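Pasting target.csv here (CSV, C-alpha atoms):
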chain,number,residue,atom,x,y,z
A,97,MET,CA,-6.4,67.4,-104.8
A,98,ALA,CA,-6.3,67.4,-101.0
A,99,PRO,CA,-8.0,64.4,-99.4
A,100,LYS,CA,-11.4,65.2,-97.9
A,101,ILE,CA,-12.1,64.1,-94.4
A,102,LEU,CA,-15.5,64.2,-92.7
A,103,LEU,CA,-15.4,64.0,-88.9
A,104,ALA,CA,-18.7,62.7,-87.5
A,105,THR,CA,-19.6,63.3,-83.9
A,106,SER,CA,-22.7,63.6,-81.7
A,107,VAL,CA,-20.9,65.2,-78.8
A,108,SER,CA,-18.8,68.3,-78.0
A,109,TRP,CA,-15.4,66.8,-77.1
A,110,THR,CA,-12.3,68.9,-77.4
A,111,SER,CA,-10.5,66.0,-79.0
A,112,VAL,CA,-12.7,66.1,-82.1
A,113,ALA,CA,-11.7,69.7,-82.7
A,114,ARG,CA,-8.0,68.8,-82.2
A,115,LEU,CA,-8.4,66.0,-84.7
A,116,ALA,CA,-9.7,68.5,-87.3
A,117,GLY,CA,-6.5,70.5,-86.8
A,118,ALA,CA,-4.4,67.3,-87.2
A,119,PHE,CA,-6.0,66.3,-90.5
A,120,ALA,CA,-5.8,69.9,-91.8
A,121,GLU,CA,-2.1,70.2,-90.9
A,122,ALA,CA,-1.6,66.8,-92.6
A,123,GLY,CA,-2.8,68.4,-95.9
A,124,CYS,CA,-6.5,67.4,-95.8
A,125,LEU,CA,-9.7,69.4,-96.3
A,126,VAL,CA,-11.8,68.9,-93.2
A,127,GLY,CA,-15.6,69.0,-92.7
A,128,ALA,CA,-17.5,68.1,-89.6
A,129,LEU,CA,-20.9,66.7,-88.8
A,130,ALA,CA,-21.6,67.9,-85.3
A,131,PRO,CA,-24.4,69.2,-83.0
A,132,ARG,CA,-25.1,72.9,-82.6
A,133,GLY,CA,-22.5,74.5,-80.5
A,134,ALA,CA,-20.0,71.6,-80.5
A,135,LEU,CA,-16.4,72.7,-80.0
A,136,VAL,CA,-15.3,71.3,-83.4
A,137,THR,CA,-17.5,74.0,-85.0
A,138,THR,CA,-15.4,76.7,-83.6
A,139,SER,CA,-12.1,75.4,-85.1
A,140,ARG,CA,-10.4,77.4,-87.8
A,141,TYR,CA,-9.4,74.1,-89.4
A,142,VAL,CA,-13.0,73.0,-90.3
A,143,ALA,CA,-13.9,74.2,-93.8
A,144,ARG,CA,-17.5,73.3,-93.6
A,145,THR,CA,-19.9,72.1,-90.9
A,146,HIS,CA,-23.0,70.0,-91.2
A,147,ARG,CA,-25.7,70.0,-88.4
A,148,TYR,CA,-26.1,66.7,-86.6
A,149,GLN,CA,-29.8,66.2,-85.8
A,150,PRO,CA,-30.1,63.7,-83.0
A,151,LEU,CA,-33.7,62.8,-83.8
A,152,ALA,CA,-32.7,62.3,-87.5
A,153,ALA,CA,-29.2,61.1,-87.0
A,154,ILE,CA,-29.0,58.8,-90.0
A,155,GLU,CA,-30.5,61.3,-92.4
A,156,SER,CA,-28.0,64.0,-91.0
A,157,LEU,CA,-25.2,61.6,-91.8
A,158,ARG,CA,-26.5,60.8,-95.3
A,159,MET,CA,-26.9,64.4,-96.2
A,160,ALA,CA,-23.4,65.3,-94.9
A,161,ILE,CA,-21.8,62.6,-96.9
A,162,GLY,CA,-23.9,63.5,-100.0
A,163,ALA,CA,-22.9,67.2,-99.7
A,164,SER,CA,-19.2,66.8,-98.9
A,165,HIS,CA,-18.3,63.7,-100.9
A,166,PRO,CA,-15.5,62.8,-98.4
A,167,ASP,CA,-12.7,60.4,-99.1
A,168,LEU,CA,-13.0,59.2,-95.5
A,169,VAL,CA,-15.5,59.5,-92.7
A,170,VAL,CA,-13.9,59.4,-89.3
A,171,PRO,CA,-16.4,58.7,-86.4
A,172,CYS,CA,-15.3,60.3,-83.1
A,173,ASP,CA,-17.7,58.7,-80.7
A,174,ASP,CA,-19.5,55.4,-80.3
A,175,ARG,CA,-22.9,56.9,-81.3
A,176,ALA,CA,-21.4,58.1,-84.6
A,177,VAL,CA,-20.0,54.6,-85.3
A,178,SER,CA,-23.5,53.2,-84.7
A,179,ASP,CA,-25.0,55.8,-87.1
A,180,LEU,CA,-22.4,54.9,-89.8
A,181,LEU,CA,-23.3,51.2,-89.5
A,182,ASP,CA,-27.0,51.9,-89.6
A,183,LEU,CA,-26.5,54.0,-92.7
A,184,TYR,CA,-24.4,51.3,-94.3
A,185,SER,CA,-27.2,48.7,-93.7
A,186,ALA,CA,-29.7,51.1,-95.3
A,187,ALA,CA,-27.5,52.2,-98.1
A,188,ASN,CA,-25.8,48.9,-99.1
A,189,ARG,CA,-28.2,48.3,-102.0
A,190,ALA,CA,-29.9,51.6,-102.6
A,191,GLU,CA,-27.0,54.0,-102.2
A,192,PRO,CA,-23.8,52.1,-103.3
A,193,ALA,CA,-21.7,55.3,-103.3
A,194,ALA,CA,-22.4,56.0,-99.6
A,195,ALA,CA,-21.9,52.3,-98.7
A,196,SER,CA,-18.6,52.3,-100.5
A,197,ILE,CA,-17.4,55.4,-98.5
A,198,ILE,CA,-18.4,53.8,-95.2
A,199,ARG,CA,-16.7,50.5,-96.1
A,200,ARG,CA,-13.5,52.4,-97.1
A,201,SER,CA,-13.7,54.4,-93.8
A,202,LEU,CA,-14.4,51.5,-91.3
A,203,GLY,CA,-13.1,48.5,-93.1
A,204,ASN,CA,-15.5,45.5,-93.0
A,205,PRO,CA,-18.8,46.8,-91.4
A,206,GLU,CA,-20.0,43.2,-90.9
A,207,ASN,CA,-17.3,42.7,-88.2
A,208,TYR,CA,-18.4,45.6,-86.0
A,209,ALA,CA,-21.2,43.7,-84.3
A,210,ARG,CA,-18.6,41.4,-82.7
A,211,ILE,CA,-16.5,44.4,-81.7
A,212,ALA,CA,-19.5,46.0,-80.1
A,213,SER,CA,-20.1,43.0,-77.9
A,214,ARG,CA,-17.6,43.3,-75.0
A,215,SER,CA,-17.6,39.6,-74.3
A,216,ALA,CA,-17.4,38.5,-77.9
A,217,PHE,CA,-14.6,40.9,-78.7
A,218,ILE,CA,-12.5,39.7,-75.7
A,219,ALA,CA,-13.1,36.1,-76.7
A,220,ALA,CA,-11.8,36.8,-80.2
A,221,ALA,CA,-8.8,38.6,-78.8
A,222,ARG,CA,-7.9,35.7,-76.5
A,223,LYS,CA,-8.3,33.3,-79.4
A,224,LEU,CA,-5.6,35.3,-81.2
A,225,GLY,CA,-3.3,34.8,-78.3
A,226,ILE,CA,-3.7,38.4,-76.9
A,227,ALA,CA,-3.5,38.7,-73.1
A,228,ALA,CA,-7.1,39.9,-72.5
A,229,LEU,CA,-9.0,39.8,-69.3
A,230,GLU,CA,-11.7,37.1,-69.1
A,231,THR,CA,-15.1,38.6,-69.9
A,232,ILE,CA,-18.3,36.6,-69.4
A,233,PRO,CA,-21.8,37.6,-70.7
A,234,ILE,CA,-24.6,37.4,-68.1
A,235,ALA,CA,-28.4,37.8,-68.6
A,236,SER,CA,-29.8,37.6,-65.0
A,237,GLU,CA,-28.9,38.1,-61.4
A,238,GLN,CA,-28.7,34.3,-61.0
A,239,GLU,CA,-26.1,34.2,-63.8
A,240,LEU,CA,-24.3,37.1,-62.1
A,241,ASP,CA,-23.9,35.1,-58.9
A,242,SER,CA,-22.7,32.1,-60.7
A,243,CYS,CA,-20.2,34.1,-62.7
A,244,LEU,CA,-18.8,35.9,-59.6
A,245,MET,CA,-18.3,32.6,-57.9
A,246,GLN,CA,-16.0,31.7,-60.8
A,247,ILE,CA,-14.2,35.1,-61.2
A,248,GLY,CA,-14.3,36.3,-57.6
A,249,TYR,CA,-14.2,39.9,-56.2
A,250,PRO,CA,-13.4,42.5,-57.1
A,251,ALA,CA,-14.9,42.3,-60.6
A,252,VAL,CA,-15.9,44.7,-63.3
A,253,LEU,CA,-19.5,44.9,-64.7
A,254,LYS,CA,-19.8,46.4,-68.2
A,255,ALA,CA,-22.7,47.2,-70.4
A,256,ASP,CA,-22.5,46.9,-74.2
A,257,GLY,CA,-23.3,50.0,-76.1
A,258,SER,CA,-22.1,52.3,-73.3
A,259,TRP,CA,-19.1,54.7,-73.5
A,260,GLY,CA,-17.4,57.5,-71.7
A,261,GLY,CA,-17.0,55.4,-68.6
A,262,GLU,CA,-20.7,55.4,-67.8
A,263,GLY,CA,-21.5,51.7,-68.4
A,264,VAL,CA,-18.9,50.4,-66.0
A,265,ALA,CA,-19.1,49.3,-62.3
A,266,ILE,CA,-16.3,48.0,-60.2
A,267,VAL,CA,-17.9,45.8,-57.5
A,268,ARG,CA,-16.3,44.4,-54.4
A,269,ASN,CA,-19.1,42.3,-52.8
A,270,HIS,CA,-22.5,40.8,-53.5
A,271,ASP,CA,-24.6,43.8,-52.7
A,272,GLU,CA,-22.5,46.1,-54.9
A,273,ALA,CA,-22.7,43.5,-57.7
A,274,VAL,CA,-26.5,43.3,-57.6
A,275,ALA,CA,-26.8,47.1,-57.4
A,276,GLY,CA,-24.4,47.5,-60.3
A,277,PHE,CA,-26.2,44.9,-62.4
A,278,ARG,CA,-29.5,46.6,-61.9
A,279,ARG,CA,-28.1,50.1,-62.7
A,280,LEU,CA,-26.4,49.0,-65.9
A,281,SER,CA,-29.5,47.0,-67.0
A,282,ASN,CA,-31.4,50.2,-66.6
A,283,LEU,CA,-29.1,52.4,-68.6
A,284,SER,CA,-31.5,52.8,-71.5
A,285,SER,CA,-34.6,53.7,-69.5
A,286,ARG,CA,-36.5,56.7,-70.8
A,287,TRP,CA,-36.0,58.5,-67.5
A,288,ARG,CA,-32.3,58.0,-67.5
A,289,ASN,CA,-32.0,59.2,-71.0
A,290,PHE,CA,-34.1,62.2,-70.3
A,291,MET,CA,-31.9,63.1,-67.3
A,292,ARG,CA,-28.7,62.6,-69.3
A,293,ALA,CA,-30.0,64.9,-72.0
A,294,VAL,CA,-30.8,67.6,-69.4
A,295,ARG,CA,-27.6,67.2,-67.3
A,296,ARG,CA,-25.2,67.0,-70.2
A,297,LYS,CA,-27.1,69.3,-72.5
A,298,ASP,CA,-26.8,66.4,-75.0
A,299,SER,CA,-30.0,66.2,-77.1
A,300,SER,CA,-28.7,63.0,-78.7
A,301,CYS,CA,-29.9,61.2,-75.6
A,302,LEU,CA,-33.4,62.2,-76.6
A,303,SER,CA,-33.3,59.8,-79.5
A,304,ALA,CA,-33.2,56.9,-77.1
A,305,LEU,CA,-36.4,58.0,-75.5
A,306,ARG,CA,-38.4,56.7,-78.5
A,307,ALA,CA,-37.0,53.2,-78.5
A,308,PRO,CA,-35.0,52.3,-75.4
A,309,GLN,CA,-32.9,49.1,-75.8
A,310,ARG,CA,-31.7,46.8,-73.1
A,311,HIS,CA,-27.9,46.6,-72.8
A,312,ALA,CA,-26.2,43.2,-72.7
A,313,ILE,CA,-24.1,43.0,-69.5
A,314,SER,CA,-20.8,41.1,-69.0
A,315,VAL,CA,-18.5,40.5,-66.0
A,316,GLN,CA,-14.8,41.1,-66.5
A,317,ARG,CA,-12.0,39.8,-64.3
A,318,PHE,CA,-10.4,42.5,-62.3
A,319,VAL,CA,-6.6,43.0,-62.3
A,320,ALA,CA,-5.0,45.7,-60.1
A,321,GLY,CA,-2.8,48.1,-62.0
A,322,LYS,CA,-2.8,51.3,-63.9
A,323,GLN,CA,-4.5,52.2,-67.1
A,324,ALA,CA,-2.7,52.1,-70.5
A,325,THR,CA,-4.1,53.1,-73.8
A,326,GLY,CA,-3.3,52.8,-77.5
A,327,ALA,CA,-4.4,54.7,-80.6
A,328,PHE,CA,-3.8,53.4,-84.1
A,329,ALA,CA,-4.5,54.1,-87.7
A,330,VAL,CA,-5.4,51.2,-90.0
A,331,TRP,CA,-5.7,50.9,-93.8
A,332,GLN,CA,-7.3,47.8,-95.2
A,333,GLY,CA,-6.4,45.6,-92.2
A,334,LYS,CA,-2.8,46.9,-91.7
A,335,VAL,CA,-1.7,49.2,-88.9
A,336,ILE,CA,0.1,52.2,-90.5
A,337,ALA,CA,0.7,54.3,-87.4
A,338,SER,CA,0.3,53.9,-83.7
A,339,LEU,CA,0.7,55.5,-80.3
A,340,HIS,CA,0.9,53.7,-77.0
A,341,MET,CA,0.7,55.4,-73.6
A,342,ASP,CA,0.5,54.8,-69.9
A,343,VAL,CA,-2.1,56.9,-68.2
A,344,LEU,CA,-0.6,59.0,-65.4
A,345,VAL,CA,-3.7,60.9,-64.3
A,346,ALA,CA,-7.3,60.0,-65.1
A,347,TYR,CA,-10.7,61.6,-64.4
A,348,GLU,CA,-12.0,59.1,-61.8
A,349,THR,CA,-11.3,55.4,-62.0
A,350,THR,CA,-13.0,54.6,-65.3
A,351,GLY,CA,-12.9,58.1,-66.8
A,352,PRO,CA,-10.8,59.7,-69.5
A,353,ALA,CA,-7.1,60.4,-69.1
A,354,SER,CA,-5.9,63.9,-68.5
A,355,VAL,CA,-2.1,63.1,-68.5
A,356,VAL,CA,-0.4,60.4,-70.5
A,357,GLN,CA,3.1,59.2,-71.1
A,358,ARG,CA,4.1,57.9,-74.5
A,359,ILE,CA,5.8,54.5,-74.3
A,360,GLU,CA,7.0,51.7,-76.6
A,361,ASP,CA,5.2,48.4,-75.8
A,362,ARG,CA,5.5,45.4,-78.1
A,363,ASP,CA,2.5,43.6,-76.6
A,364,MET,CA,0.3,46.6,-77.2
A,365,GLU,CA,1.6,47.0,-80.8
A,366,GLU,CA,1.1,43.3,-81.5
A,367,ALA,CA,-2.5,43.4,-80.1
A,368,ALA,CA,-3.3,46.3,-82.5
A,369,ARG,CA,-1.8,44.5,-85.4
A,370,LEU,CA,-3.6,41.2,-84.8
A,371,LEU,CA,-7.0,42.9,-84.2
A,372,ALA,CA,-6.7,45.2,-87.2
A,373,GLN,CA,-6.0,42.1,-89.4
A,374,LYS,CA,-8.6,39.9,-87.7
A,375,PHE,CA,-11.5,42.4,-88.1
A,376,GLN,CA,-10.2,43.9,-91.4
A,377,LEU,CA,-10.4,47.4,-90.0
A,378,SER,CA,-9.7,50.8,-91.6
A,379,GLY,CA,-9.6,54.3,-90.0
A,380,LEU,CA,-8.8,55.3,-86.4
A,381,HIS,CA,-9.2,53.0,-83.4
A,382,GLY,CA,-8.2,52.7,-79.8
A,383,LEU,CA,-7.4,49.9,-77.3
A,384,ASP,CA,-7.6,50.1,-73.5
A,385,PHE,CA,-5.4,48.0,-71.2
A,386,ILE,CA,-4.5,47.5,-67.6
A,387,ARG,CA,-0.8,47.2,-66.8
A,388,ASP,CA,-0.4,45.0,-63.8
A,389,GLU,CA,2.1,45.3,-61.0
A,390,LYS,CA,4.7,43.2,-63.0
A,391,GLY,CA,4.3,45.6,-66.0
A,392,LYS,CA,2.3,43.2,-68.2
A,393,VAL,CA,-0.6,44.7,-70.1
A,394,HIS,CA,-4.0,43.1,-70.3
A,395,LEU,CA,-6.5,44.1,-72.9
A,396,ILE,CA,-9.9,45.2,-71.6
A,397,GLU,CA,-11.7,46.8,-74.5
A,398,MET,CA,-11.6,48.4,-77.9
A,399,ASN,CA,-12.9,51.8,-79.2
A,400,PRO,CA,-13.6,51.5,-82.9
A,401,ARG,CA,-13.3,55.3,-83.5
A,402,GLY,CA,-11.0,58.2,-83.1
A,403,VAL,CA,-9.9,58.4,-79.4
A,404,GLN,CA,-8.6,61.2,-77.3
A,405,ALA,CA,-4.9,60.9,-78.2
A,406,SER,CA,-5.5,60.2,-82.0
A,407,TYR,CA,-4.5,63.7,-83.0
A,408,LEU,CA,-1.1,63.8,-81.3
A,409,PRO,CA,1.9,63.9,-83.7
A,410,PHE,CA,5.0,61.9,-82.6
A,411,GLY,CA,6.7,61.7,-85.9
A,412,PRO,CA,6.8,59.1,-88.7
A,413,THR,CA,4.7,55.9,-88.0
A,414,HIS,CA,3.4,57.7,-84.9
A,415,ASP,CA,1.2,60.4,-86.6
A,416,LEU,CA,-2.2,58.8,-87.2
A,417,ALA,CA,-3.7,61.7,-89.2
A,418,ALA,CA,-0.7,62.0,-91.5
A,419,ALA,CA,-0.6,58.3,-92.1
A,420,LEU,CA,-4.2,58.1,-93.2
A,421,ALA,CA,-3.8,61.2,-95.4
A,422,ALA,CA,-0.8,59.6,-97.1
A,423,CYS,CA,-2.9,56.5,-97.9
A,424,ILE,CA,-5.6,58.6,-99.5
A,425,ALA,CA,-3.4,61.0,-101.5
A,426,PRO,CA,0.3,60.3,-101.1
A,427,SER,CA,1.4,63.3,-103.1
A,428,GLU,CA,-0.7,65.7,-100.9
A,429,ALA,CA,0.3,64.4,-97.5
A,430,VAL,CA,2.2,66.8,-95.2
A,431,THR,CA,4.6,65.8,-92.4
A,432,ARG,CA,3.7,67.5,-89.1
A,433,PRO,CA,6.2,68.7,-86.5
A,434,ALA,CA,6.6,66.0,-83.8
A,435,ILE,CA,6.0,66.5,-80.1
A,436,THR,CA,9.4,65.9,-78.5
A,437,ALA,CA,8.2,65.4,-74.9
A,438,ASP,CA,6.8,62.0,-73.9
A,439,THR,CA,4.5,63.3,-71.2
A,440,VAL,CA,1.4,65.1,-72.4
A,441,ALA,CA,-1.1,67.0,-70.3
A,442,PHE,CA,-4.4,67.3,-72.2
A,443,PHE,CA,-6.0,70.7,-72.4
A,444,PRO,CA,-8.3,71.7,-70.9
A,445,SER,CA,-8.9,68.6,-68.8
A,446,GLU,CA,-5.8,68.6,-66.7
A,447,TRP,CA,-5.9,72.3,-66.1
A,448,ARG,CA,-9.6,72.0,-65.0
A,449,ARG,CA,-8.7,69.0,-62.8
A,450,ASP,CA,-5.8,70.8,-61.0
A,451,PRO,CA,-4.7,74.3,-62.1
A,452,ALA,CA,-1.5,73.8,-60.0
A,453,SER,CA,-0.7,70.4,-61.6
A,454,PRO,CA,3.1,70.0,-62.1
A,455,TYR,CA,2.4,68.3,-65.4
A,456,LEU,CA,1.2,71.6,-66.9
A,457,VAL,CA,4.8,72.8,-66.6
A,458,ASP,CA,7.0,69.7,-66.6
A,459,GLY,CA,5.2,68.0,-69.4
A,460,TYR,CA,3.9,69.1,-72.8
A,461,HIS,CA,0.7,71.1,-72.1
A,462,ASP,CA,-1.3,70.6,-75.2
A,463,VAL,CA,-2.9,74.0,-75.6
A,464,PRO,CA,-4.4,74.9,-79.0
A,465,TRP,CA,-2.5,78.2,-79.4
A,466,ASP,CA,-2.9,77.9,-83.2
A,467,ASP,CA,-6.7,77.8,-83.0
A,468,PRO,CA,-7.8,80.9,-81.0
A,469,ALA,CA,-11.5,80.5,-81.3
A,470,LEU,CA,-11.3,76.9,-80.1
A,471,LEU,CA,-9.0,78.1,-77.2
A,472,ARG,CA,-11.6,80.7,-76.2
A,473,ALA,CA,-14.4,78.1,-76.4
A,474,CYS,CA,-12.5,75.7,-74.2
A,475,MET,CA,-11.9,78.4,-71.7
A,476,GLY,CA,-15.7,78.9,-71.3
A,477,PHE,CA,-17.4,82.1,-70.3
A,478,PRO,CA,-16.8,84.2,-67.2
A,479,GLY,CA,-18.4,82.7,-64.2
A,480,VAL,CA,-18.5,79.2,-65.5
A,481,THR,CA,-17.6,76.8,-62.7
A,482,ARG,CA,-15.1,73.9,-62.9
A,483,ALA,CA,-18.1,71.6,-62.3
A,484,ALA,CA,-19.8,72.9,-65.5
A,485,ALA,CA,-16.5,72.8,-67.4
A,486,ALA,CA,-16.0,69.2,-66.4
A,487,ALA,CA,-19.5,68.3,-67.4
A,488,MET,CA,-18.9,69.9,-70.8
A,489,GLU,CA,-15.7,68.0,-71.3
A,490,PHE,CA,-16.5,64.6,-69.8
A,491,GLY,CA,-20.3,64.5,-69.4
A,492,VAL,CA,-19.8,63.9,-65.6
A,493,PRO,CA,-19.8,66.3,-62.6
A,494,GLY,CA,-16.6,67.9,-61.5
A,495,PRO,CA,-15.5,69.7,-58.3
A,496,ALA,CA,-17.5,72.9,-57.7
A,497,ALA,CA,-15.0,75.8,-57.6
A,498,PRO,CA,-14.5,79.0,-59.5
A,499,ASN,CA,-12.6,78.7,-62.8
A,500,PRO,CA,-9.1,80.2,-62.2
A,501,SER,CA,-7.6,82.9,-64.4
A,502,PHE,CA,-6.1,81.4,-67.5
A,503,LYS,CA,-3.2,83.7,-67.6
A,504,ALA,CA,-2.4,83.2,-63.9
A,505,THR,CA,-2.3,79.5,-64.3
A,506,PHE,CA,0.4,79.1,-66.9
A,507,ALA,CA,2.5,81.1,-69.4
A,508,PRO,CA,2.0,80.4,-73.1
A,509,ALA,CA,5.7,80.5,-73.9
A,510,ARG,CA,6.3,77.4,-71.8
A,511,HIS,CA,4.1,75.2,-74.0
A,512,THR,CA,4.3,76.2,-77.6
A,513,SER,CA,5.1,73.3,-80.0

Rewritten as structure tokens:
Amino acid sequence: MAPKILLATSVSWTSVARLAGAFAEAGCLVGALAPRGALVTTSRYVARTHRYQPLAAIESLRMAIGASHPDLVVPCDDRAVSDLLDLYSAANRAEPAAASIIRRSLGNPENYARIASRSAFIAAARKLGIAALETIPIASEQELDSCLMQIGYPAVLKADGSWGGEGVAIVRNHDEAVAGFRRLSNLSSRWRNFMRAVRRKDSSCLSALRAPQRHAISVQRFVAGKQATGAFAVWQGKVIASLHMDVLVAYETTGPASVVQRIEDRDMEEAARLLAQKFQLSGLHGLDFIRDEKGKVHLIEMNPRGVQASYLPFGPTHDLAAALAACIAPSEAVTRPAITADTVAFFPSEWRRDPASPYLVDGYHDVPWDDPALLRACMGFPGVTRAAAAAMEFGVPGPAAPNPSFKATFAPARHTS
């Protein structure tokens, strides 16, 4: 029988819907646990959807697993990872079947606490010999001052438990450092979560209103350079497929990429291999790096979930969905046609960022022509501004300008796979 995949998400990211298509094309039966109106629920590749209830997240996940009996649960955002770990803790004795599915999906759940701590994770990576930027935990403004005397300016402040670029501040002097520390320390306040829920139309933020938690803060050494990112599939501690990319265009300094270029990089590949083995991982994961002016990559953090590029097919050993499907049911796995261009412009983010971007024509513009309902949903409704579209895609404000005509922006024939 076809392997059954359950995608778990608390957000409405385009990449989740694209990942559904990737697994379906690889021979899987795909279900999705997602909020009402999430883009993944529009995809023709999703056989069954389950409603994610932010105020009853663990129960939503428990019911979805019980109803679908998946071979693998793939979390697609950090909140979904946290939900899976919480369910594993609750189910480890009372619900051995659910606990077994989560362990098969994530690898060893006991190792995720160390992955979630930015400073502890980087310390583990450096101990493995991976070039990772020094990251020091701090608990007060006094410790912040002492740490910055050691690291110097500029520096990067990061909050554990944050994602999507929100819990990061690049600081260049003492005043910016203090302001950044206070802002990141306040990420979980009831007022901030209420405003995020309203601004992003993300009801999941309401769950944090009941029990706000203080985020651990760390300071990371700053290295000038450009972003690089990796996505990899792991099965029982072994990397089975990987993609490595330089970021050509990103939404703001710490935001998601909208254009990437696929590369081969032995240091990035070795980092993925060592970390997968160290933490005994399974499933989809991502690593973020900075490539310095000499071309050397420095690891800055890990995303223990499906990331933006996870669905892209670049052939054998570079197709993450197909590799996982083959581990679950080798006889049912299907080889997907490979993208031949190395430069990929993500849809709709690059089109929204700049409708006249040369990457929409010169690169592979990754439009979901095979998923019409998703394509229409990504386009939005008449009168939706680019600011609203950017907020839907990234959870951050974008430039206020009318959404241009889709047909006038590019021709479908140039970008079919």

Nearest-residue call for Tyr184 in chain A, choices A:Ala419, A:Cys124, A:Ala434, A:Ile161, using all atoms listed in the file | A:Ile161

Have a look at A:Val136, A:Ala329, A:Leu377, A:Met341 and name the one nearest to Ala469 in chain A; count all atoms listed in the file.
->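 Among A:Val136, A:Ala329, A:Leu377, A:Met341, it is A:Val136 that comes nearest to Ala469 in chain A.
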
Counting all atoms listed in the file, the residue of A:Asp179, A:Asn207, A:Arg222, A:Tyr141 that sits nearest Glu155 in chain A |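 Of A:Asp179, A:Asn207, A:Arg222, A:Tyr141, the one nearest Glu155 in chain A is A:Asp179, counting all atoms listed in the file.
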
What is the distance, in Å and to one decimal place, between CA of Pro444 in chain A and CA of Ala429 in chain A?
->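 Between CA of Pro444 in chain A and CA of Ala429 in chain A the gap is 28.9 Å.
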
Two-atom distance - CA of Ala219 in chain A, CA of Thr231 in chain A (Å) = 7.5 Å
